[in-house]
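model-v6.cif follows; it contains mmCIF, C-alpha atoms.
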data_input
loop_
_atom_site.label_atom_id
_atom_site.label_comp_id
_atom_site.auth_asym_id
_atom_site.auth_seq_id
_atom_site.Cartn_x
_atom_site.Cartn_y
_atom_site.Cartn_z
CA MET A 1 0.00 0.00 0.00
CA GLU A 2 3.01 2.28 0.36
CA LEU A 3 6.50 2.09 -1.07
CA ALA A 4 9.35 4.38 -0.06
CA LEU A 5 13.08 4.54 -0.74
CA PHE A 6 15.68 6.83 0.81
CA ASP A 7 19.19 7.31 -0.60
CA PRO A 8 21.41 8.34 2.35
CA LEU A 9 24.25 9.40 0.04
CA THR A 10 22.23 11.95 -1.94
CA GLY A 11 19.25 12.55 0.33
CA GLN A 12 16.88 11.73 -2.54
CA THR A 13 13.58 10.06 -1.69
CA PHE A 14 10.93 8.05 -3.50
CA SER A 15 7.54 7.60 -1.88
CA VAL A 16 4.21 6.58 -3.33
CA LEU A 17 0.90 5.17 -2.14
CA ILE A 18 -0.17 1.98 -3.91
CA ASN A 19 -3.69 0.83 -4.64
CA PRO A 20 -3.89 -2.69 -3.10
CA GLU A 21 -7.00 -3.42 -5.18
CA ARG A 22 -8.62 -4.90 -2.08
CA PRO A 23 -9.97 -3.50 1.21
CA VAL A 24 -7.54 -2.22 3.84
CA SER A 25 -7.91 -4.05 7.14
CA LYS A 26 -8.54 -2.20 10.39
CA LYS A 27 -5.27 -3.55 11.79
CA ILE A 28 -3.27 -2.04 8.92
CA THR A 29 -5.02 1.28 9.42
CA GLU A 30 -4.21 1.21 13.14
CA ILE A 31 -0.52 0.53 12.44
CA THR A 32 0.07 2.86 9.49
CA GLY A 33 -2.78 5.35 9.49
CA ILE A 34 -3.51 4.42 5.86
CA THR A 35 -7.23 4.08 5.18
CA ASN A 36 -9.36 2.69 2.36
CA GLU A 37 -10.19 6.24 1.33
CA MET A 38 -6.49 7.02 0.87
CA VAL A 39 -5.55 4.15 -1.45
CA ASN A 40 -8.62 2.51 -2.98
CA ARG A 41 -9.14 5.32 -5.47
CA PRO A 42 -8.80 5.55 -9.26
CA ASP A 43 -6.01 8.14 -8.98
CA VAL A 44 -3.82 5.89 -6.77
CA PRO A 45 -1.80 3.53 -9.01
CA PRO A 46 -1.53 -0.24 -8.53
CA PHE A 47 1.90 -1.78 -8.08
CA SER A 48 2.17 -2.65 -11.78
CA LYS A 49 2.16 1.09 -12.56
CA VAL A 50 4.66 1.92 -9.81
CA ILE A 51 7.36 -0.52 -10.93
CA GLU A 52 8.59 1.68 -13.77
CA GLN A 53 8.83 4.68 -11.42
CA MET A 54 10.85 2.60 -8.97
CA LEU A 55 13.19 1.33 -11.70
CA CYS A 56 13.69 4.89 -12.94
CA PHE A 57 14.55 6.12 -9.44
CA CYS A 58 17.07 3.31 -8.88
CA GLY A 59 18.78 3.68 -12.25
CA ASP A 60 20.71 1.07 -14.21
CA GLY A 61 23.69 0.59 -11.89
CA GLU A 62 24.19 -1.68 -8.92
CA VAL A 63 21.95 -0.91 -5.96
CA CYS A 64 22.08 -2.21 -2.41
CA PHE A 65 18.74 -2.08 -0.58
CA VAL A 66 18.75 -2.20 3.21
CA GLY A 67 15.59 -3.09 5.08
CA HIS A 68 14.79 -4.27 8.59
CA ASN A 69 13.63 -7.91 8.44
CA ALA A 70 13.98 -7.53 4.68
CA LYS A 71 15.03 -11.15 4.18
CA SER A 72 11.79 -12.53 5.59
CA PHE A 73 9.31 -9.84 4.59
CA ASP A 74 10.20 -6.91 2.33
CA VAL A 75 12.24 -8.69 -0.34
CA PRO A 76 9.98 -11.76 -0.78
CA PHE A 77 7.00 -9.38 -0.97
CA LEU A 78 8.78 -7.24 -3.58
CA ALA A 79 9.76 -10.31 -5.62
CA ALA A 80 6.19 -11.62 -5.50
CA GLU A 81 4.79 -8.30 -6.73
CA PHE A 82 7.29 -8.23 -9.60
CA ALA A 83 6.34 -11.81 -10.48
CA ARG A 84 2.64 -10.95 -10.38
CA VAL A 85 3.16 -8.59 -13.33
CA GLU A 86 5.54 -11.05 -15.02
CA LYS A 87 8.72 -9.16 -14.20
CA THR A 88 11.88 -10.18 -12.33
CA LEU A 89 14.00 -8.17 -9.95
CA PRO A 90 17.02 -6.64 -11.72
CA SER A 91 20.19 -8.72 -11.43
CA THR A 92 22.07 -5.60 -10.27
CA TRP A 93 19.96 -5.35 -7.11
CA ARG A 94 21.45 -6.63 -3.86
CA PHE A 95 19.77 -6.73 -0.47
CA LEU A 96 20.91 -6.44 3.14
CA ASP A 97 18.80 -7.18 6.19
CA SER A 98 19.63 -4.76 9.01
CA LEU A 99 17.98 -7.18 11.46
CA GLN A 100 20.62 -9.76 10.52
CA ILE A 101 23.33 -7.14 11.03
CA ALA A 102 21.91 -6.34 14.49
CA LYS A 103 21.98 -10.04 15.38
CA ALA A 104 25.58 -10.39 14.16
CA LEU A 105 27.02 -7.34 15.91
CA GLU A 106 29.23 -7.68 18.95
CA TRP A 107 27.15 -5.37 21.10
CA ASP A 108 29.91 -5.12 23.69
CA LEU A 109 31.44 -2.56 21.31
CA HIS A 110 28.53 -0.29 22.30
CA ASP A 111 28.60 1.49 25.64
CA SER A 112 24.86 0.92 26.01
CA GLY A 113 25.10 -2.84 25.49
CA ARG A 114 22.66 -5.02 23.57
CA PRO A 115 18.98 -4.00 23.54
CA ASP A 116 16.39 -6.49 24.77
CA LYS A 117 14.70 -6.54 21.36
CA LEU A 118 16.06 -5.96 17.88
CA ASN A 119 12.98 -4.77 16.00
CA GLN A 120 13.15 -1.33 14.42
CA GLN A 121 11.09 0.42 17.09
CA ALA A 122 13.20 -1.09 19.88
CA LEU A 123 16.43 -0.05 18.16
CA ARG A 124 15.02 3.43 17.62
CA ARG A 125 14.42 3.73 21.36
CA HIS A 126 17.77 2.13 22.21
CA PHE A 127 19.71 4.72 20.21
CA SER A 128 17.53 7.61 21.49
CA LEU A 129 16.17 8.33 18.02
CA GLU A 130 12.51 8.58 19.04
CA ALA A 131 12.51 12.36 18.65
CA LEU A 132 14.30 12.21 15.29
CA ARG A 133 12.09 13.61 12.55
CA ARG A 134 12.59 13.62 8.81
CA ASP A 135 10.45 16.75 8.62
CA PRO A 136 10.67 18.86 11.83
CA SER A 137 7.28 20.43 11.06
CA CYS A 138 5.53 17.06 11.08
CA SER A 139 4.78 14.65 13.87
CA ILE A 140 6.56 11.30 13.90
CA GLN A 141 4.86 8.66 11.75
CA ALA A 142 6.52 5.54 13.09
CA HIS A 143 5.05 3.14 10.57
CA ARG A 144 4.85 5.18 7.40
CA ALA A 145 7.25 3.89 4.78
CA LEU A 146 9.40 6.96 4.12
CA ASP A 147 9.83 7.78 7.80
CA ASP A 148 10.77 4.15 8.52
CA ALA A 149 13.35 4.17 5.71
CA TRP A 150 14.84 7.48 6.87
CA VAL A 151 15.02 6.41 10.53
CA LEU A 152 16.53 3.06 9.54
CA SER A 153 19.46 4.88 7.91
CA HIS A 154 20.17 6.53 11.28
CA ILE A 155 19.76 3.24 13.16
CA LEU A 156 22.24 1.59 10.80
CA GLU A 157 24.66 4.48 11.28
CA SER A 158 24.35 4.13 15.07
CA MET A 159 24.91 0.37 14.95
CA LEU A 160 28.06 0.75 12.84
CA ALA A 161 29.44 3.79 14.68
CA PRO A 162 31.73 1.80 17.05
CA LEU A 163 33.56 0.40 14.01
CA GLY A 164 34.84 3.89 13.21
CA SER A 165 34.21 6.27 10.34
CA SER A 166 36.32 4.23 7.93
CA ALA A 167 34.15 1.15 8.40
CA SER A 168 31.50 0.55 5.76
CA LEU A 169 28.87 -1.94 4.72
CA GLU A 170 31.63 -3.81 2.88
CA LEU A 171 32.23 -5.60 6.18
CA TYR A 172 28.77 -7.12 5.77
CA MET A 173 29.14 -8.20 2.14
CA PRO A 174 28.75 -11.88 3.11
CA MET A 175 25.24 -11.03 4.30
CA MET A 176 24.13 -9.64 0.94
CA PHE A 177 21.66 -11.70 -1.02
CA GLN A 178 19.65 -11.68 -4.23
CA MET A 179 16.32 -13.18 -5.17
CA GLY A 180 16.53 -15.96 -7.73
CA SER A 181 14.02 -16.55 -10.50
CA ALA A 182 12.03 -18.88 -8.27
CA GLY A 183 12.12 -16.45 -5.38
CA GLU A 184 14.82 -18.25 -3.41
CA LYS A 185 17.35 -16.18 -1.49
CA LEU A 186 20.86 -16.39 -2.90
CA GLY A 187 23.93 -15.52 -0.87
CA LEU A 188 25.90 -16.52 2.19
CA PRO A 189 24.17 -16.84 5.56
CA PRO A 190 25.06 -14.15 8.08
CA GLY A 191 28.02 -14.85 10.33
CA ARG A 192 29.08 -13.23 13.57
CA VAL A 193 31.03 -10.02 13.06
CA THR A 194 33.91 -10.09 15.51
CA ARG A 195 36.11 -7.34 16.85
CA ALA A 196 39.08 -8.90 15.02
CA GLN A 197 37.19 -8.80 11.70
CA SER A 198 36.31 -5.15 12.14
CA GLN A 199 39.94 -4.30 12.92
CA GLN A 200 41.13 -6.23 9.88
CA GLN A 201 38.62 -4.40 7.69
CA GLN A 202 39.76 -1.01 8.88
CA GLY A 203 43.46 -1.75 8.49
CA ALA A 204 45.45 1.01 10.12
CA ASP A 205 42.30 2.60 11.57
CA ALA A 206 42.02 0.04 14.37
CA ILE A 207 39.50 0.40 17.16
CA LEU A 208 40.99 1.78 20.36
CA ASP A 209 40.23 -0.90 22.91
CA ASP A 210 42.42 0.40 25.71
CA GLY A 211 42.56 4.14 25.09
CA PRO A 212 45.14 6.12 23.15
CA GLY A 213 48.12 4.70 25.06
CA SER A 214 51.42 5.87 23.59
CA MET A 215 49.89 7.50 20.53
CA ALA A 216 50.58 11.12 19.63
CA VAL A 217 47.36 12.50 21.10
CA HIS A 218 48.39 16.17 21.07
CA LEU A 219 49.46 18.33 18.16
CA LYS A 220 52.44 19.51 20.17
CA ASP A 221 53.71 15.92 20.22
CA VAL A 222 54.39 15.84 16.47
CA LYS A 223 56.41 17.74 13.90
CA LYS A 224 54.33 18.94 10.99
CA HIS A 225 56.90 17.94 8.35
CA ASP A 226 56.72 14.31 9.56
CA LEU A 227 53.06 14.09 8.53
CA PRO A 228 51.43 13.37 5.15
CA GLU A 229 50.46 16.37 3.03
CA MET A 230 46.77 16.20 3.94
CA MET A 231 47.54 16.12 7.67
CA GLN A 232 49.93 19.06 7.26
CA HIS A 233 47.09 21.02 5.66
CA TYR A 234 44.78 20.02 8.51
CA ILE A 235 47.28 21.35 11.07
CA THR A 236 47.84 24.57 9.10
CA ILE A 237 44.11 25.37 9.32
CA LYS A 238 43.95 24.22 12.93
CA GLU A 239 46.76 26.63 13.86
CA LYS A 240 44.62 29.50 12.54
CA HIS A 241 41.66 28.44 14.70
CA PRO A 242 43.04 27.39 18.10
CA GLY A 243 40.36 26.35 20.56
CA SER A 244 37.86 25.55 17.81
CA LEU A 245 36.79 22.06 16.80
CA LEU A 246 37.87 21.46 13.20
CA MET A 247 35.63 19.26 11.00
CA TYR A 248 37.69 18.29 7.95
CA ARG A 249 35.94 16.80 4.89
CA VAL A 250 37.52 13.56 3.66
CA GLY A 251 35.38 11.82 1.05
CA GLU A 252 32.00 10.96 2.57
CA PHE A 253 33.02 11.90 6.12
CA TYR A 254 34.00 14.90 8.20
CA GLU A 255 36.96 13.85 10.31
CA CYS A 256 38.79 15.18 13.36
CA PHE A 257 42.29 14.34 14.57
CA PHE A 258 44.39 14.64 17.73
CA GLU A 259 42.64 16.51 20.59
CA ASP A 260 39.67 17.35 18.39
CA ALA A 261 39.02 13.64 17.80
CA MET A 262 38.83 13.02 21.54
CA ARG A 263 36.62 16.09 22.00
CA LEU A 264 34.25 15.06 19.20
CA GLY A 265 34.01 11.54 20.60
CA SER A 266 33.14 12.67 24.12
CA THR A 267 30.72 15.41 23.01
CA VAL A 268 28.52 13.53 20.54
CA ASP A 269 29.31 9.93 21.52
CA VAL A 270 31.09 8.74 18.38
CA GLN A 271 33.85 6.17 18.46
CA VAL A 272 37.46 7.37 18.55
CA THR A 273 39.69 5.29 16.29
CA ALA A 274 43.38 5.40 15.37
CA LYS A 275 44.81 6.57 12.06
CA ASN A 276 48.29 5.56 10.95
CA VAL A 277 50.01 8.67 9.56
CA GLY A 278 53.40 7.17 8.75
CA LYS A 279 56.46 5.65 10.40
CA ALA A 280 57.76 8.90 11.88
CA VAL A 281 54.60 9.51 13.94
CA GLY A 282 52.64 6.26 13.92
CA LYS A 283 49.02 6.42 14.99
CA VAL A 284 47.01 9.48 15.99
CA PRO A 285 43.44 9.64 17.33
CA MET A 286 40.75 10.06 14.69
CA SER A 287 36.97 10.29 14.79
CA GLY A 288 34.41 11.29 12.22
CA VAL A 289 30.78 11.58 11.21
CA PRO A 290 29.04 10.93 7.86
CA ALA A 291 28.80 13.99 5.63
CA ARG A 292 25.11 13.32 5.03
CA SER A 293 24.44 13.77 8.77
CA ILE A 294 26.72 16.76 9.36
CA ASP A 295 23.97 19.26 10.22
CA GLU A 296 22.67 17.08 13.05
CA TYR A 297 26.16 16.74 14.55
CA LEU A 298 26.88 20.46 14.10
CA ARG A 299 23.68 21.28 15.96
CA ARG A 300 24.69 19.02 18.85
CA LEU A 301 28.22 20.41 18.98
CA VAL A 302 27.09 24.03 18.98
CA ASN A 303 24.45 23.29 21.62
CA ALA A 304 27.27 21.87 23.74
CA GLY A 305 29.07 25.22 23.49
CA CYS A 306 31.64 24.32 20.82
CA THR A 307 32.91 26.68 18.16
CA VAL A 308 33.08 24.55 15.02
CA VAL A 309 35.17 25.25 11.92
CA VAL A 310 33.96 23.34 8.84
CA VAL A 311 36.49 22.57 6.12
CA ASP A 312 35.00 21.38 2.82
CA GLN A 313 36.41 19.95 -0.38
CA LEU A 314 36.35 22.76 -2.95
CA GLU A 315 36.87 20.52 -5.97
CA ALA A 316 35.90 17.01 -6.96
CA ALA A 317 38.30 14.27 -5.91
CA GLY A 318 40.07 12.58 -8.82
CA LYS A 319 39.90 15.63 -11.09
CA THR A 320 43.24 16.99 -9.98
CA LYS A 321 46.67 15.62 -9.20
CA GLY A 322 47.87 15.78 -5.64
CA LEU A 323 45.94 17.05 -2.64
CA VAL A 324 42.27 17.90 -3.12
CA LYS A 325 41.71 21.63 -2.59
CA ARG A 326 39.98 22.32 0.72
CA GLY A 327 39.06 25.44 2.62
CA VAL A 328 37.05 26.82 5.53
CA THR A 329 33.42 27.29 4.49
CA ARG A 330 31.70 27.86 7.84
CA ILE A 331 32.56 28.95 11.36
CA LEU A 332 29.73 28.20 13.77
CA THR A 333 29.25 29.54 17.29
CA PRO A 334 26.17 29.27 19.52
CA GLY A 335 25.16 32.92 19.06
CA THR A 336 25.80 33.33 15.34
CA LEU A 337 23.76 30.50 13.85
CA THR A 338 21.53 31.43 10.93
CA GLU A 339 21.00 28.04 9.24
CA ASP A 340 17.44 26.78 9.76
CA ALA A 341 18.66 23.18 10.06
CA LEU A 342 20.74 24.08 13.12
CA LEU A 343 18.21 26.27 14.92
CA ASP A 344 15.29 25.44 17.18
CA SER A 345 12.31 27.06 15.47
CA CYS A 346 10.48 27.30 18.81
CA ASN A 347 13.14 29.33 20.63
CA ASN A 348 15.12 32.52 20.15
CA ASN A 349 18.89 32.33 19.73
CA TYR A 350 20.32 35.44 21.35
CA LEU A 351 23.78 36.94 20.90
CA ALA A 352 24.75 39.30 23.73
CA SER A 353 27.58 41.78 24.24
CA VAL A 354 28.64 43.56 27.43
CA ILE A 355 31.00 46.54 27.56
CA ILE A 356 32.46 47.99 30.76
CA LYS A 357 34.29 51.32 30.82
CA GLY A 358 35.87 53.33 33.58
CA LYS A 359 36.35 52.62 37.28
CA GLN A 360 34.80 55.39 39.35
CA PRO A 361 32.20 55.93 38.16
CA MET A 362 31.90 52.70 36.19
CA HIS A 363 29.79 52.67 33.05
CA TRP A 364 28.57 49.56 31.36
CA GLY A 365 26.35 48.69 28.45
CA LEU A 366 24.45 45.60 27.34
CA ALA A 367 23.24 44.78 23.85
CA TYR A 368 21.57 41.62 22.65
CA ALA A 369 19.89 40.48 19.47
CA ASP A 370 18.61 37.41 17.70
CA ILE A 371 20.46 37.64 14.38
CA SER A 372 18.67 34.58 13.01
CA THR A 373 15.32 36.39 12.71
#
Please go through the file and, once you have read it, give me the structure as C-alpha cells.
Amino acid sequence: MELALFDPLTGQTFSVLINPERPVSKKITEITGITNEMVNRPDVPPFSKVIEQMLCFCGDGEVCFVGHNAKSFDVPFLAAEFARVEKTLPSTWRFLDSLQIAKALEWDLHDSGRPDKLNQQALRRHFSLEALRRDPSCSIQAHRALDDAWVLSHILESMLAPLGSSASLELYMPMMFQMGSAGEKLGLPPGRVTRAQSQQQQGADAILDDGPGSMAVHLKDVKKHDLPEMMQHYITIKEKHPGSLLMYRVGEFYECFFEDAMRLGSTVDVQVTAKNVGKAVGKVPMSGVPARSIDEYLRRLVNAGCTVVVVDQLEAAGKTKGLVKRGVTRILTPGTLTEDALLDSCNNNYLASVIIKGKQPMHWGLAYADIST
C-alpha cells in the first residue's frame, strides 16, 4: 500500500501510495494510518504502474537495498509483486537485512550494550532516536514507509558507529543476497562479526580498545613535516583556529584528529579510532561523522558550546593531481547560527555583548539580538 526509498548518500527520496486493489484491514489502518479512502481510489496507481517509477529512481547501476527484516518480509514481498506482473527483480539489485546485522554485531562494542529486542522500534528507542524527525514540522509517523526508511538509515549508522568512520557496509558483504528466478534467497548466511574482523577491515584505523596509550594524542607531540600532506594542511588550518573544533571533509566523512578527535568523541558519543600517519609519527586519534548527517552533529556540537570550523572539499576528488583543494566554508558559534537546520524554530537564539568602561564611576552597556530572525 506504500513504497518508499531513501538514498542516504544523496538525500533523494521516492515515496508513493499503492492501490492494493482490495480493502484495507482495520489492523493495517491502526498501524500505518492508511485508510481505504487514501488508497482505494482511481487516482492511486496499482503496483504494476509503480514498478517503472521505482526502476527509474534506482537507475541502471548496482543498488544495495537495506531493510529491517527484509530477508523474511520486504524482499519476498517485492519479488512476489514483480512476479505478479511477469517481471523479475534486476540482477544488479542486492539486499541487506539490518535485522541480521543487528543479530551479528558484537554489542559489547557499544557502551549501552545489547537492547532487549532488535525490531526497528526497539532499536530506535535504544539509540535515542525517538525524537528524530525527517520533517521537523511534522509529527513522527513511526510506521509510514518513508519515515521508517529514513530512521533506519540513522539506526544503521548508530549500529556501525563503534567500528569507526572508515568502516562501511563492505564488512557485511557476506550477508548480501539476491532473489533468484524462483524467489529463493541467494547468498551466504550471516556470520558473527567479531572485533578482530572489524579491525582487519579497517586496516590502520584500528579500534581503540584500551585508550590512546602511547599514541601522539596532542598536536604539540608531532612535527608537521613528519606528517602526510593532507595532515599538514589540517594542522595549518587548525593553527589559525586554536580552541575551535575542526571538522575536515575527507570523502563521505567529516573527520577530526588529535585533541579534536577526543573532543568530538566525548561530546557527541562517536567512536574514537586510530589513524596511521606514517612511520615517523605512527598512529594518531581520529573520529568522524558521515557527511550526510553533518547538520545534526553540528547542531549538537554548537548546543554543547563548541565553536566549530567546517572545512569542505572545494573541488571534486580525482579531477586533480595531488591534494584535493579544501578550505574553511563555515565557522559556527552558539550565538551566530543562521541556518534553519541548526536552529530550534520554537526558541530565540540570542547573541549578547557587554562593555564595561571606567572605574569610578563605572559605566557599562548591554546589547543583545537574535540575528537569526
Query raised in the report: Any idea what the distance is between atom CA of Arg330 of chain A and atom CA of Leu246 of chain A?
Result: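 Taking atom CA of Arg330 of chain A and atom CA of Leu246 of chain A, their separation equals 10.4 Å.
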Requested in this report: Give me the residues within 6 Å of segment 286-303 of chain A as a PyMOL selection string, counting only C-alpha atoms and dropping any in the same chain fewer than 5 places off.
Outcome: chain A and resi 165+252-257+261+272-275+334+342
**Report entry** Residue neighbourhood Phe73 of chain A, 12 Å, only C-alpha atoms, exclusion window fewer than 6 positions, as number ranges by chain
**Finding:** A: 67, 79-80, 97, 99, 185
Query raised in the report: Please, which residues are within 6 Å of (19.8, 38.1, 17.9) by the file's coordinates, counting all atoms listed in the file, and could they come as number ranges by chain?
Result: A: 350-351, 369-371
Query raised in the report: How far is it from atom CA of Met231 of chain A to atom CA of Glu157 of chain A, in Å with one decimal?
Result: 25.9 Å
Requested in this report: May I ask which of the residues A:Met247, A:Met176, A:Val308, A:Ala352 is the closest one to Ile331 of chain A, counting only C-alpha atoms?
Outcome: A:Val308
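Taking atom CA of Ile235 of chain A as the reference point, atom CA of Thr336 of chain A is found at 25.0 Å.
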Query - Neighbours of point (16.9, 3.3, 13.4) within 9 Å, using only C-alpha atoms, written as a ChimeraX atom specification - result: /A:120-127,129-130,148-159
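With only C-alpha atoms as the basis for measurement, A:Glu2 is the residue among A:Glu62, A:Glu37, A:Glu2, A:Glu52 that approaches Val16 of chain A most closely.
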Would you kindly place N, CA, C and O atoms on segment 4-17 of chain A and return the model as a CSV table (one decimal), keeping the file's coordinate frame?
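New file rebuild-v6.csv:
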chain,number,residue,atom,x,y,z
A,4,ALA,N,8.5,3.2,-0.2
A,4,ALA,CA,9.4,4.4,-0.1
A,4,ALA,C,10.8,3.9,-0.1
A,4,ALA,O,11.2,2.9,0.4
A,5,LEU,N,11.6,4.8,-0.7
A,5,LEU,CA,13.1,4.5,-0.7
A,5,LEU,C,13.8,5.8,-0.3
A,5,LEU,O,13.3,6.9,-0.6
A,6,PHE,N,14.9,5.7,0.4
A,6,PHE,CA,15.7,6.8,0.8
A,6,PHE,C,17.1,6.5,0.5
A,6,PHE,O,17.7,5.5,0.9
A,7,ASP,N,17.8,7.4,-0.3
A,7,ASP,CA,19.2,7.3,-0.6
A,7,ASP,C,20.0,8.2,0.4
A,7,ASP,O,20.0,9.4,0.3
A,8,PRO,N,20.7,7.6,1.3
A,8,PRO,CA,21.4,8.3,2.4
A,8,PRO,C,22.6,9.1,1.8
A,8,PRO,O,23.1,10.0,2.4
A,9,LEU,N,23.1,8.7,0.6
A,9,LEU,CA,24.2,9.4,0.0
A,9,LEU,C,23.9,10.7,-0.6
A,9,LEU,O,24.6,11.7,-0.6
A,10,THR,N,22.7,10.7,-1.2
A,10,THR,CA,22.2,12.0,-1.9
A,10,THR,C,21.1,12.7,-1.2
A,10,THR,O,20.8,13.8,-1.5
A,11,GLY,N,20.4,12.0,-0.3
A,11,GLY,CA,19.2,12.6,0.3
A,11,GLY,C,18.0,12.5,-0.5
A,11,GLY,O,16.9,12.9,-0.1
A,12,GLN,N,18.1,11.8,-1.7
A,12,GLN,CA,16.9,11.7,-2.5
A,12,GLN,C,15.9,10.7,-2.0
A,12,GLN,O,16.3,9.7,-1.4
A,13,THR,N,14.6,10.9,-2.2
A,13,THR,CA,13.6,10.1,-1.7
A,13,THR,C,12.6,9.7,-2.8
A,13,THR,O,12.4,10.4,-3.8
A,14,PHE,N,12.0,8.5,-2.6
A,14,PHE,CA,10.9,8.0,-3.5
A,14,PHE,C,9.8,7.5,-2.6
A,14,PHE,O,10.1,6.6,-1.8
A,15,SER,N,8.6,8.0,-2.7
A,15,SER,CA,7.5,7.6,-1.9
A,15,SER,C,6.2,7.7,-2.7
A,15,SER,O,6.0,8.7,-3.3
A,16,VAL,N,5.5,6.6,-2.6
A,16,VAL,CA,4.2,6.6,-3.3
A,16,VAL,C,3.2,5.6,-2.6
A,16,VAL,O,3.6,4.6,-2.1
A,17,LEU,N,2.0,6.1,-2.6
A,17,LEU,CA,0.9,5.2,-2.1
A,17,LEU,C,0.5,4.2,-3.3
A,17,LEU,O,0.6,4.6,-4.4
